[in-house]
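S.K.: Got input14.pdb for you, PDB, C-alpha atoms:
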```
ATOM      1  CA  MET A   1       0.000   0.000   0.000
ATOM      2  CA  GLY A   2       2.903   2.358   0.795
ATOM      3  CA  ASN A   3       4.383   1.839  -2.676
ATOM      4  CA  LEU A   4       1.032   2.605  -4.277
ATOM      5  CA  LYS A   5       0.799   5.862  -2.319
ATOM      6  CA  SER A   6       4.346   6.798  -3.321
ATOM      7  CA  PHE A   7       3.629   6.017  -6.955
ATOM      8  CA  GLY A   8       0.393   8.054  -6.836
ATOM      9  CA  LEU A   9       2.222  11.015  -5.295
ATOM     10  CA  LEU A  10       4.979  10.775  -7.899
ATOM     11  CA  PHE A  11       2.411  10.585 -10.707
ATOM     12  CA  PHE A  12       0.567  13.637  -9.329
ATOM     13  CA  ALA A  13       3.830  15.600  -9.072
ATOM     14  CA  ILE A  14       4.768  14.759 -12.656
ATOM     15  CA  PHE A  15       1.317  15.675 -13.942
ATOM     16  CA  TRP A  16       1.293  18.931 -11.948
ATOM     17  CA  LEU A  17       4.781  19.960 -13.059
ATOM     18  CA  SER A  18       3.975  19.152 -16.659
ATOM     19  CA  SER A  19       1.258  21.804 -16.627
ATOM     20  CA  CYS A  20       3.309  24.584 -14.997
ATOM     21  CA  SER A  21       3.596  27.812 -16.932
ATOM     22  CA  VAL A  22       6.109  30.634 -16.930
ATOM     23  CA  SER A  23       3.659  33.350 -16.086
ATOM     24  CA  ASP A  24      -0.035  34.075 -16.038
ATOM     25  CA  MET A  25       0.877  37.344 -17.743
ATOM     26  CA  LEU A  26       1.753  35.715 -21.062
ATOM     27  CA  PRO A  27      -0.684  35.042 -23.877
ATOM     28  CA  LYS A  28      -1.195  31.527 -25.208
ATOM     29  CA  SER A  29       0.683  30.751 -28.402
ATOM     30  CA  ASP A  30      -2.423  31.140 -30.566
ATOM     31  CA  GLN A  31      -3.138  34.609 -29.089
ATOM     32  CA  PHE A  32       0.431  35.953 -29.281
ATOM     33  CA  HIS A  33      -0.179  38.043 -32.393
ATOM     34  CA  LYS A  34      -2.923  39.986 -30.540
ATOM     35  CA  HIS A  35      -0.817  40.728 -27.440
ATOM     36  CA  LEU A  36      -0.560  44.482 -26.795
ATOM     37  CA  TYR A  37       1.814  44.379 -23.836
ATOM     38  CA  GLY A  38       5.508  43.738 -23.354
ATOM     39  CA  ASP A  39       6.990  40.271 -23.105
ATOM     40  CA  TYR A  40       7.840  38.722 -19.744
ATOM     41  CA  ILE A  41      11.538  39.016 -18.888
ATOM     42  CA  GLU A  42      13.835  37.548 -16.248
ATOM     43  CA  LEU A  43      17.082  39.406 -15.550
ATOM     44  CA  ASP A  44      20.020  37.939 -13.655
ATOM     45  CA  LEU A  45      21.901  40.899 -12.238
ATOM     46  CA  SER A  46      25.500  41.249 -11.103
ATOM     47  CA  ARG A  47      26.311  40.996  -7.414
ATOM     48  CA  SER A  48      27.242  44.678  -7.347
ATOM     49  CA  SER A  49      23.656  45.605  -8.246
ATOM     50  CA  GLU A  50      21.441  47.139  -5.563
ATOM     51  CA  LEU A  51      18.609  44.900  -6.788
ATOM     52  CA  ASN A  52      18.220  41.156  -6.656
ATOM     53  CA  ASP A  53      17.274  39.379  -9.856
ATOM     54  CA  VAL A  54      14.260  41.040 -11.486
ATOM     55  CA  GLU A  55      11.384  39.645 -13.537
ATOM     56  CA  GLY A  56       8.198  41.093 -14.937
ATOM     57  CA  GLU A  57       6.764  42.828 -17.987
ATOM     58  CA  LEU A  58       9.325  44.523 -20.210
ATOM     59  CA  ILE A  59       8.046  48.090 -20.572
ATOM     60  CA  ALA A  60      10.833  49.928 -22.390
ATOM     61  CA  VAL A  61      14.568  50.005 -23.065
ATOM     62  CA  ASP A  62      16.753  53.063 -23.602
ATOM     63  CA  ASP A  63      20.507  53.567 -23.994
ATOM     64  CA  SER A  64      21.311  52.806 -20.368
ATOM     65  CA  ASN A  65      18.202  51.409 -18.604
ATOM     66  CA  ILE A  66      15.623  48.642 -18.816
ATOM     67  CA  TYR A  67      12.154  49.410 -17.407
ATOM     68  CA  ILE A  68      10.187  46.532 -15.886
ATOM     69  CA  ILE A  69       6.890  46.257 -14.016
ATOM     70  CA  GLU A  70       6.507  43.326 -11.665
ATOM     71  CA  VAL A  71       3.255  42.303  -9.993
ATOM     72  CA  TRP A  72       3.721  40.208  -6.868
ATOM     73  CA  ARG A  73       0.714  39.316  -4.698
ATOM     74  CA  GLU A  74      -1.297  42.363  -5.741
ATOM     75  CA  GLU A  75       1.736  44.625  -5.150
ATOM     76  CA  ILE A  76       3.100  46.529  -8.164
ATOM     77  CA  ASN A  77       6.863  47.129  -8.320
ATOM     78  CA  TYR A  78       8.590  49.396 -10.824
ATOM     79  CA  PHE A  79      12.228  48.695 -11.672
ATOM     80  CA  GLU A  80      14.738  50.771 -13.617
ATOM     81  CA  VAL A  81      17.662  48.432 -14.176
ATOM     82  CA  LYS A  82      20.979  49.613 -15.572
ATOM     83  CA  LYS A  83      21.973  47.591 -18.626
ATOM     84  CA  SER A  84      25.525  47.361 -17.299
ATOM     85  CA  GLU A  85      24.247  45.323 -14.299
ATOM     86  CA  VAL A  86      22.613  42.604 -16.422
ATOM     87  CA  GLU A  87      24.617  39.387 -16.578
ATOM     88  CA  ASP A  88      22.021  37.089 -18.125
ATOM     89  CA  PHE A  89      18.407  37.274 -19.288
ATOM     90  CA  ARG A  90      15.526  35.327 -20.784
ATOM     91  CA  VAL A  91      12.558  36.875 -22.593
ATOM     92  CA  TYR A  92       9.341  34.825 -22.705
ATOM     93  CA  HIS A  93       7.206  35.621 -25.754
ATOM     94  CA  PHE A  94       4.191  33.407 -25.127
ATOM     95  CA  ASN A  95       2.965  30.683 -22.819
ATOM     96  CA  PRO A  96       3.483  27.384 -24.658
ATOM     97  CA  SER A  97       0.641  24.900 -24.684
ATOM     98  CA  TYR A  98       1.901  21.866 -22.794
ATOM     99  CA  PRO A  99       0.143  18.609 -23.621
ATOM    100  CA  SER A 100      -0.946  17.965 -20.002
ATOM    101  CA  LEU A 101      -3.621  15.358 -20.706
ATOM    102  CA  SER A 102      -1.397  13.326 -22.980
ATOM    103  CA  ASN A 103       1.447  13.588 -20.436
ATOM    104  CA  GLY A 104      -0.817  12.095 -17.784
ATOM    105  CA  ILE A 105      -1.811   9.244 -20.043
ATOM    106  CA  LEU A 106       1.756   8.669 -21.244
ATOM    107  CA  SER A 107       2.916   8.543 -17.615
ATOM    108  CA  LEU A 108       0.632   5.547 -17.071
ATOM    109  CA  ILE A 109       1.897   3.518 -20.041
ATOM    110  CA  PRO A 110       4.891   2.071 -18.127
ATOM    111  CA  LEU A 111       2.386   0.403 -15.763
ATOM    112  CA  SER A 112       1.542  -2.002 -18.583
ATOM    113  CA  HIS A 113       5.200  -3.015 -18.871
ATOM    114  CA  GLY A 114       5.178  -5.025 -15.653
ATOM    115  CA  PHE A 115       8.666  -5.757 -14.372
ATOM    116  CA  PHE A 116      10.226  -3.639 -17.133
ATOM    117  CA  MET A 117       8.489  -0.562 -15.703
ATOM    118  CA  VAL A 118      11.602  -0.126 -13.565
ATOM    119  CA  LEU A 119      13.439   0.751 -16.780
ATOM    120  CA  THR A 120      10.725   2.315 -18.927
ATOM    121  CA  PHE A 121       9.267   4.685 -16.321
ATOM    122  CA  PRO A 122      12.486   6.762 -15.898
ATOM    123  CA  VAL A 123      12.987   6.821 -19.677
ATOM    124  CA  ASN A 124       9.425   8.076 -20.099
ATOM    125  CA  LEU A 125       9.977  10.831 -17.487
ATOM    126  CA  ILE A 126      13.219  11.973 -19.090
ATOM    127  CA  THR A 127      11.605  12.064 -22.537
ATOM    128  CA  MET A 128       8.701  14.202 -21.286
ATOM    129  CA  GLY A 129      11.170  16.543 -19.573
ATOM    130  CA  VAL A 130      13.148  16.993 -22.792
ATOM    131  CA  ILE A 131       9.966  17.733 -24.747
ATOM    132  CA  HIS A 132       8.875  20.348 -22.200
ATOM    133  CA  GLY A 133      12.316  21.918 -22.298
ATOM    134  CA  HIS A 134      12.082  22.287 -26.067
ATOM    135  CA  LEU A 135       8.614  23.838 -25.802
ATOM    136  CA  LYS A 136       9.898  26.377 -23.276
ATOM    137  CA  ASP A 137      12.928  27.191 -25.436
ATOM    138  CA  ARG A 138      10.725  27.719 -28.483
ATOM    139  CA  ALA A 139       8.561  30.192 -26.529
ATOM    140  CA  SER A 140      11.480  32.297 -25.296
ATOM    141  CA  SER A 141      14.819  33.846 -26.176
ATOM    142  CA  SER A 142      17.877  34.025 -23.950
ATOM    143  CA  SER A 143      21.088  36.006 -23.773
ATOM    144  CA  LYS A 144      22.716  33.145 -25.679
ATOM    145  CA  GLU A 145      20.457  33.806 -28.680
ATOM    146  CA  ILE A 146      19.962  37.581 -28.779
ATOM    147  CA  GLU A 147      21.937  40.591 -27.631
ATOM    148  CA  LEU A 148      20.780  42.770 -24.747
ATOM    149  CA  SER A 149      20.655  45.695 -27.166
ATOM    150  CA  ASP A 150      17.959  43.854 -29.180
ATOM    151  CA  ILE A 151      15.405  43.250 -26.412
ATOM    152  CA  TYR A 152      13.711  46.612 -27.066
ATOM    153  CA  GLN A 153      11.611  44.953 -29.772
ATOM    154  CA  TYR A 154       9.869  42.842 -27.107
ATOM    155  CA  ALA A 155       8.935  45.828 -24.922
ATOM    156  CA  ARG A 156       5.497  47.401 -24.593
ATOM    157  CA  TYR A 157       7.087  50.615 -25.865
ATOM    158  CA  PRO A 158       9.778  49.457 -28.322
ATOM    159  CA  ALA A 159      10.762  53.033 -29.216
ATOM    160  CA  GLY A 160      11.437  53.860 -25.546
ATOM    161  CA  LEU A 161       9.306  55.446 -22.854
ATOM    162  CA  PRO A 162       7.025  58.134 -24.289
ATOM    163  CA  THR A 163       8.046  61.559 -22.994
ATOM    164  CA  ASN A 164       4.487  62.415 -21.932
ATOM    165  CA  ILE A 165       4.102  59.330 -19.691
ATOM    166  CA  ASP A 166       5.618  58.878 -16.230
ATOM    167  CA  PHE A 167       6.969  55.332 -15.791
ATOM    168  CA  HIS A 168       5.213  54.944 -12.418
ATOM    169  CA  ASP A 169       1.823  55.812 -13.958
ATOM    170  CA  ILE A 170       1.907  52.843 -16.338
ATOM    171  CA  LYS A 171      -0.528  50.089 -15.354
ATOM    172  CA  PRO A 172       0.674  46.481 -15.431
ATOM    173  CA  MET A 173      -0.735  44.069 -17.955
ATOM    174  CA  PRO A 174      -3.747  42.065 -16.823
ATOM    175  CA  VAL A 175      -3.442  38.422 -15.878
ATOM    176  CA  MET A 176      -4.309  36.143 -18.792
ATOM    177  CA  ASP A 177      -7.057  33.519 -18.506
TER
END
```
How would this structure read if it were set down as structure tokens?
M.R.:
Amino acid sequence: MGNLKSFGLLFFAIFWLSSCSVSDMLPKSDQFHKHLYGDYIELDLSRSSELNDVEGELIAVDDSNIYIIEVWREEINYFEVKKSEVEDFRVYHFNPSYPSLSNGILSLIPLSHGFFMVLTFPVNLITMGVIHGHLKDRASSSSKEIELSDIYQYARYPAGLPTNIDFHDIKPMPVMD
């Protein structure tokens, strides 16, 4: 009975993790072309930075700063990050559609393998992990693929902050359904 509980918990964890998304702020892949806001960005900053790592909606980029709005538990944070402090970054363009139902069903297939499940179950898990990794990579760009100077095109205001708008007056994007 203990093994059955452990297996059930493991199955639930795999199924739950397979449906995790980057952010509720991102549009689904089929709605990306209608998205009016900036892409979601994660910045890894240098240790000398006054800020910890920052993530949120990319609002604008100018010659020296990156402007980001982060919403955390109903609290809105506005960040002006110096480009020189950015060590690494990833820009998420859309929320990929993970095949959650098929992952759940595919996770059960090794049960039919009997004794060989000891071998086929880990192989199945690794394969699903690789597929999810590729889906995530297809939905985003990292500092290995694009230059920091090119992220402006993914901002809400790709030409920079409008002069007639105060950065702190900008409302964050709504949470996607």
S.K.: Take atom CA of A:Phe89 and atom CA of A:Leu125 and report the distance between them in Å, one decimal.
M.R.: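 Atom CA of A:Leu125 lies at a distance of 27.8 Å from atom CA of A:Phe89.
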S.K.: Could you please determine the separation between atom CA of A:Ser64 and atom CA of A:Ile165 in Å, to one decimal place?
M.R.: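 Atom CA of A:Ser64 sits 18.4 Å away from atom CA of A:Ile165.
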S.K.: Write out as a PyMOL selection string which residues come within 9 Å of stretch 149-153 of chain A when counting only C-alpha atoms, dropping same-chain ones fewer than 6 positions away.
M.R.: chain A and resi 38+58-63+66+83+91+159-160
S.K.: Choose the residue, out of A:Phe94, A:Trp72, A:Tyr78, A:Phe121, that has the smallest atom-to-atom separation from A:Asp169; count only C-alpha atoms.
M.R.: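 Comparing A:Phe94, A:Trp72, A:Tyr78, A:Phe121 against A:Asp169, the winner is A:Tyr78.
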S.K.: What's around A:Phe79 at 8 Å? Count all atoms listed in the file, leave out sequence neighbours fewer than 5 positions away in its own chain, and write the answer as a list in words.
M.R.: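 Once the nearby chain positions are removed, what remains is Val54, Ile66, Tyr67, Ile68, Ile69 and Glu70 of chain A.
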S.K.: Mind giving me the straight-line distance from atom CA of A:Gly56 to atom CA of A:Glu42 in Å, one decimal?
M.R.: 6.8 Å
S.K.: Please produce stretch 145-174 of chain A, completed to N, CA and C atoms, as a compact mmCIF listing (two decimals), in the coordinates of the input.
M.R.:
```txt
# COMPACT_ATOMS: atom_id res chain seq x y z
N GLU A 145 21.02 33.73 -27.33
CA GLU A 145 20.46 33.81 -28.68
C GLU A 145 20.35 35.23 -29.22
N ILE A 146 20.10 36.19 -28.35
CA ILE A 146 19.96 37.58 -28.78
C ILE A 146 20.80 38.48 -27.88
N GLU A 147 21.15 39.62 -28.39
CA GLU A 147 21.94 40.59 -27.63
C GLU A 147 21.01 41.42 -26.74
N LEU A 148 21.55 41.91 -25.65
CA LEU A 148 20.78 42.77 -24.75
C LEU A 148 20.28 44.02 -25.47
N SER A 149 21.05 44.50 -26.41
CA SER A 149 20.66 45.70 -27.17
C SER A 149 19.44 45.45 -28.07
N ASP A 150 19.08 44.18 -28.29
CA ASP A 150 17.96 43.85 -29.18
C ASP A 150 16.65 43.55 -28.45
N ILE A 151 16.63 43.61 -27.12
CA ILE A 151 15.40 43.25 -26.41
C ILE A 151 14.34 44.33 -26.50
N TYR A 152 14.70 45.52 -26.96
CA TYR A 152 13.71 46.61 -27.07
C TYR A 152 12.50 46.20 -27.90
N GLN A 153 12.70 45.35 -28.88
CA GLN A 153 11.61 44.95 -29.77
C GLN A 153 10.54 44.13 -29.07
N TYR A 154 10.84 43.63 -27.86
CA TYR A 154 9.87 42.84 -27.11
C TYR A 154 9.19 43.66 -26.01
N ALA A 155 9.49 44.96 -25.95
CA ALA A 155 8.94 45.83 -24.92
C ALA A 155 7.55 46.34 -25.32
N ARG A 156 6.80 46.79 -24.32
CA ARG A 156 5.50 47.40 -24.59
C ARG A 156 5.69 48.67 -25.42
N TYR A 157 6.74 49.42 -25.10
CA TYR A 157 7.09 50.62 -25.86
C TYR A 157 8.45 50.39 -26.51
N PRO A 158 8.49 49.80 -27.71
CA PRO A 158 9.78 49.46 -28.32
C PRO A 158 10.62 50.67 -28.71
N ALA A 159 10.01 51.83 -28.86
CA ALA A 159 10.76 53.03 -29.22
C ALA A 159 11.25 53.77 -27.97
N GLY A 160 11.05 53.21 -26.80
CA GLY A 160 11.44 53.86 -25.55
C GLY A 160 10.22 54.44 -24.85
N LEU A 161 10.41 54.86 -23.61
CA LEU A 161 9.31 55.45 -22.85
C LEU A 161 8.83 56.73 -23.52
N PRO A 162 7.53 56.88 -23.74
CA PRO A 162 7.02 58.13 -24.29
C PRO A 162 7.33 59.29 -23.32
N THR A 163 7.67 60.43 -23.84
CA THR A 163 8.05 61.56 -22.99
C THR A 163 6.87 62.11 -22.18
N ASN A 164 5.66 61.88 -22.64
CA ASN A 164 4.49 62.42 -21.93
C ASN A 164 3.92 61.44 -20.89
N ILE A 165 4.58 60.32 -20.65
CA ILE A 165 4.10 59.33 -19.69
C ILE A 165 5.16 59.12 -18.61
N ASP A 166 4.73 59.19 -17.34
CA ASP A 166 5.62 58.88 -16.23
C ASP A 166 5.64 57.36 -16.05
N PHE A 167 6.82 56.78 -15.91
CA PHE A 167 6.97 55.33 -15.79
C PHE A 167 6.08 54.77 -14.69
N HIS A 168 5.98 55.45 -13.56
CA HIS A 168 5.21 54.94 -12.42
C HIS A 168 3.71 55.08 -12.59
N ASP A 169 3.26 55.72 -13.66
CA ASP A 169 1.82 55.81 -13.96
C ASP A 169 1.34 54.70 -14.88
N ILE A 170 2.27 53.93 -15.42
CA ILE A 170 1.91 52.84 -16.34
C ILE A 170 1.28 51.69 -15.54
N LYS A 171 0.16 51.21 -16.01
CA LYS A 171 -0.53 50.09 -15.35
C LYS A 171 0.06 48.77 -15.85
N PRO A 172 0.17 47.78 -14.98
CA PRO A 172 0.67 46.48 -15.43
C PRO A 172 -0.33 45.78 -16.33
N MET A 173 0.18 44.85 -17.10
CA MET A 173 -0.74 44.07 -17.95
C MET A 173 -1.64 43.20 -17.10
N PRO A 174 -2.84 42.93 -17.59
CA PRO A 174 -3.75 42.06 -16.82
C PRO A 174 -3.30 40.61 -16.88
```
